[in-house]
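The data block below is target_39.cif; it holds mmCIF, C-alpha atoms; chains and numbers go by the auth columns.
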```
data_input
#
loop_
_atom_site.group_PDB
_atom_site.id
_atom_site.type_symbol
_atom_site.label_atom_id
_atom_site.label_comp_id
_atom_site.label_asym_id
_atom_site.label_seq_id
_atom_site.Cartn_x
_atom_site.Cartn_y
_atom_site.Cartn_z
_atom_site.B_iso_or_equiv
_atom_site.auth_seq_id
_atom_site.auth_asym_id
ATOM 1 C CA MET A 1 -8.532 1.546 13.607 0.00 1 W
ATOM 2 C CA GLU A 2 -9.707 4.687 11.845 0.00 2 W
ATOM 3 C CA PRO A 3 -7.621 7.804 12.523 0.00 3 W
ATOM 4 C CA SER A 4 -10.687 9.634 13.856 0.00 4 W
ATOM 5 C CA SER A 5 -11.252 7.117 16.660 0.00 5 W
ATOM 6 C CA ARG A 6 -7.732 7.138 18.116 0.00 6 W
ATOM 7 C CA LYS A 7 -6.732 8.920 21.293 0.00 7 W
ATOM 8 C CA TYR A 8 -4.424 11.787 20.410 0.00 8 W
ATOM 9 C CA GLU A 9 -1.433 12.807 22.415 0.00 9 W
ATOM 10 C CA ASN A 10 0.019 16.274 22.366 0.00 10 W
ATOM 11 C CA SER A 11 1.411 15.893 18.883 0.00 11 W
ATOM 12 C CA ARG A 12 0.772 18.728 16.534 0.00 12 W
ATOM 13 C CA ILE A 13 1.562 19.732 12.970 0.00 13 W
ATOM 14 C CA GLU A 14 1.183 23.178 11.544 0.00 14 W
ATOM 15 C CA ILE A 15 1.054 24.246 7.927 0.00 15 W
ATOM 16 C CA ARG A 16 0.489 27.497 6.164 0.00 16 W
ATOM 17 C CA ILE A 17 -1.953 27.517 3.267 0.00 17 W
ATOM 18 C CA SER A 18 -3.603 30.176 1.175 0.00 18 W
ATOM 19 C CA LYS A 19 -7.082 31.433 2.005 0.00 19 W
ATOM 20 C CA GLU A 20 -8.313 29.885 -1.224 0.00 20 W
ATOM 21 C CA ASP A 21 -6.901 26.473 -0.345 0.00 21 W
ATOM 22 C CA LYS A 22 -8.382 26.645 3.151 0.00 22 W
ATOM 23 C CA ALA A 23 -11.805 27.518 1.737 0.00 23 W
ATOM 24 C CA LEU A 24 -11.513 24.599 -0.706 0.00 24 W
ATOM 25 C CA TYR A 25 -10.564 22.145 2.036 0.00 25 W
ATOM 26 C CA GLU A 26 -13.261 23.376 4.388 0.00 26 W
ATOM 27 C CA ARG A 27 -15.873 23.027 1.660 0.00 27 W
ATOM 28 C CA ALA A 28 -14.752 19.466 0.927 0.00 28 W
ATOM 29 C CA SER A 29 -14.817 18.699 4.649 0.00 29 W
ATOM 30 C CA ALA A 30 -18.370 20.009 4.974 0.00 30 W
ATOM 31 C CA LEU A 31 -19.545 18.078 1.916 0.00 31 W
ATOM 32 C CA ARG A 32 -18.268 14.814 3.395 0.00 32 W
ATOM 33 C CA GLY A 33 -19.773 15.549 6.799 0.00 33 W
ATOM 34 C CA PHE A 34 -16.642 15.503 8.919 0.00 34 W
ATOM 35 C CA ARG A 35 -17.136 16.605 12.516 0.00 35 W
ATOM 36 C CA SER A 36 -14.271 19.056 12.300 0.00 36 W
ATOM 37 C CA PHE A 37 -11.718 20.421 9.886 0.00 37 W
ATOM 38 C CA SER A 38 -8.994 18.654 11.909 0.00 38 W
ATOM 39 C CA GLU A 39 -10.759 15.325 11.478 0.00 39 W
ATOM 40 C CA PHE A 40 -10.944 15.937 7.717 0.00 40 W
ATOM 41 C CA VAL A 41 -7.226 16.726 7.560 0.00 41 W
ATOM 42 C CA ARG A 42 -6.216 13.708 9.684 0.00 42 W
ATOM 43 C CA ILE A 43 -8.329 11.247 7.701 0.00 43 W
ATOM 44 C CA THR A 44 -7.385 12.685 4.313 0.00 44 W
ATOM 45 C CA ILE A 45 -3.676 12.650 5.119 0.00 45 W
ATOM 46 C CA ALA A 46 -3.884 9.086 6.492 0.00 46 W
ATOM 47 C CA LYS A 47 -5.736 7.880 3.390 0.00 47 W
ATOM 48 C CA GLU A 48 -3.200 9.467 1.047 0.00 48 W
ATOM 49 C CA ALA A 49 -0.271 8.142 3.108 0.00 49 W
ATOM 50 C CA LYS A 50 -1.666 4.599 2.912 0.00 50 W
ATOM 51 C CA THR A 51 -2.089 4.957 -0.853 0.00 51 W
ATOM 52 C CA ILE A 52 1.508 6.148 -1.252 0.00 52 W
ATOM 53 C CA LEU A 53 2.844 3.302 0.896 0.00 53 W
ATOM 54 C CA ALA A 54 0.803 0.701 -1.011 0.00 54 W
ATOM 55 C CA GLU A 55 2.118 2.035 -4.328 0.00 55 W
ATOM 56 C CA GLU A 56 5.678 1.971 -3.009 0.00 56 W
ATOM 57 C CA ASP A 57 5.271 -1.628 -1.780 0.00 57 W
ATOM 58 C CA GLN A 58 3.962 -2.582 -5.220 0.00 58 W
ATOM 59 C CA ILE A 59 6.933 -0.894 -6.920 0.00 59 W
ATOM 60 C CA ILE A 60 9.388 -2.677 -4.628 0.00 60 W
ATOM 61 C CA SER A 61 7.689 -6.024 -5.296 0.00 61 W
ATOM 62 C CA SER A 62 7.733 -5.303 -9.018 0.00 62 W
ATOM 63 C CA ILE A 63 11.445 -4.502 -8.967 0.00 63 W
ATOM 64 C CA ARG A 64 12.170 -7.692 -6.999 0.00 64 W
ATOM 65 C CA ASP A 65 10.043 -9.732 -9.427 0.00 65 W
ATOM 66 C CA LYS A 66 11.850 -8.229 -12.427 0.00 66 W
ATOM 67 C CA LYS A 67 15.201 -9.131 -10.884 0.00 67 W
ATOM 68 C CA ILE A 68 14.089 -12.736 -10.280 0.00 68 W
ATOM 69 C CA PHE A 69 12.712 -12.990 -13.843 0.00 69 W
ATOM 70 C CA PHE A 70 15.883 -11.518 -15.383 0.00 70 W
ATOM 71 C CA GLU A 71 18.114 -13.859 -13.407 0.00 71 W
ATOM 72 C CA ALA A 72 16.004 -16.811 -14.532 0.00 72 W
ATOM 73 C CA LEU A 73 16.393 -15.705 -18.159 0.00 73 W
ATOM 74 C CA MET A 74 20.140 -15.436 -17.703 0.00 74 W
ATOM 75 C CA GLY A 75 20.343 -18.917 -16.171 0.00 75 W
ATOM 76 C CA LYS A 76 21.143 -17.624 -12.698 0.00 76 W
ATOM 77 C CA GLU A 77 17.981 -18.865 -11.019 0.00 77 W
ATOM 78 C CA GLU A 78 18.147 -21.011 -7.944 0.00 78 W
ATOM 79 C CA ARG A 79 17.402 -24.714 -8.246 0.00 79 W
ATOM 80 C CA PRO A 80 13.792 -25.540 -7.252 0.00 80 W
ATOM 81 C CA ASN A 81 13.558 -27.176 -3.855 0.00 81 W
ATOM 82 C CA ASP A 82 12.524 -30.785 -3.269 0.00 82 W
ATOM 83 C CA ALA A 83 8.970 -29.815 -2.316 0.00 83 W
ATOM 84 C CA LEU A 84 8.454 -28.242 -5.745 0.00 84 W
ATOM 85 C CA PHE A 85 9.829 -31.305 -7.532 0.00 85 W
ATOM 86 C CA SER A 86 7.538 -33.475 -5.433 0.00 86 W
ATOM 87 C CA ALA A 87 4.525 -31.317 -6.290 0.00 87 W
ATOM 88 C CA VAL A 88 5.336 -31.511 -10.012 0.00 88 W
ATOM 89 C CA ASN A 89 5.675 -35.292 -9.822 0.00 89 W
ATOM 90 C CA ASP A 90 2.380 -35.569 -7.918 0.00 90 W
ATOM 91 C CA TYR A 91 0.690 -33.437 -10.571 0.00 91 W
ATOM 92 C CA LYS A 92 2.069 -35.590 -13.382 0.00 92 W
ATOM 93 C CA GLU A 93 0.844 -38.732 -11.622 0.00 93 W
ATOM 94 C CA LEU A 94 -2.657 -37.244 -11.285 0.00 94 W
ATOM 95 C CA GLN A 95 -2.688 -36.398 -15.001 0.00 95 W
ATOM 96 C CA LYS A 96 -1.973 -40.027 -15.911 0.00 96 W
ATOM 97 C CA LYS A 97 -5.115 -41.262 -14.132 0.00 97 W
#
```
Target format structure tokens, applied to this file:
Amino acid sequence: MEPSSRKYENSRIEIRISKEDKALYERASALRGFRSFSEFVRITIAKEAKTILAEEDQIISSIRDKKIFFEALMGKEERPNDALFSAVNDYKELQKK
């Protein structure tokens, strides 16, 4: 659900910005056709927050993958399960045909 279509409770944030920054943000809001400055701020913040969270998830996955790879190089990997062995054997059988 887009942030602009949600019902808002009495939650509020306040920030102080320079006149120049406010003029910049209002101009950007007008160029994109937002109904209000508040809508522009909500949607822009939500978009940036999602980007940050996606990047963080990717970093965490990357760190986990590096750890798994390093442990495999050092001979500390876990033994493949029976389903993987079965899949490899099935593949080899298909290659023989």
- Quote the spacing between CA of Asp65 in chain W and CA of Thr51 in chain W in Å to one decimal place.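 We find that CA of Asp65 in chain W and CA of Thr51 in chain W lie 20.9 Å from each other.
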- Just give me the gap between CA of Arg64 in chain W and CA of Glu77 in chain W in Å, one decimal is fine.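 CA of Glu77 in chain W lies at a distance of 13.2 Å from CA of Arg64 in chain W.
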- Note on the structure: One residue among W:Ile13, W:Ala72, W:Ile63, W:Leu53 is nearest to Val41 in chain W when using all atoms listed in the file, and that residue is W:Ile13
- Message: Please compute the CA of Phe34 in chain W-CA of Lys47 in chain W distance, one decimal, in Å.
- Response: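 Rounded to one decimal, the two atoms are 14.4 Å apart.
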Enclose all atoms of range 35-50 of chain W listed in the file in an axis-aligned box, grow every side by 5 Å, and hand back centre and edge lengths in Å to one decimal, as lines of an AutoDock Vina configuration file.
```
center_x = -8.7
center_y = 12.5
center_z = 6.8
size_x = 26.9
size_y = 25.8
size_z = 21.5
```
- Message: What would the selection look like, as a PyMOL selection string, if the PyMOL selection byres ((chain W and resi 16-27) around 12) were run on the coordinates I just shared?
- Response: chain W and resi 13-15+28-41+44
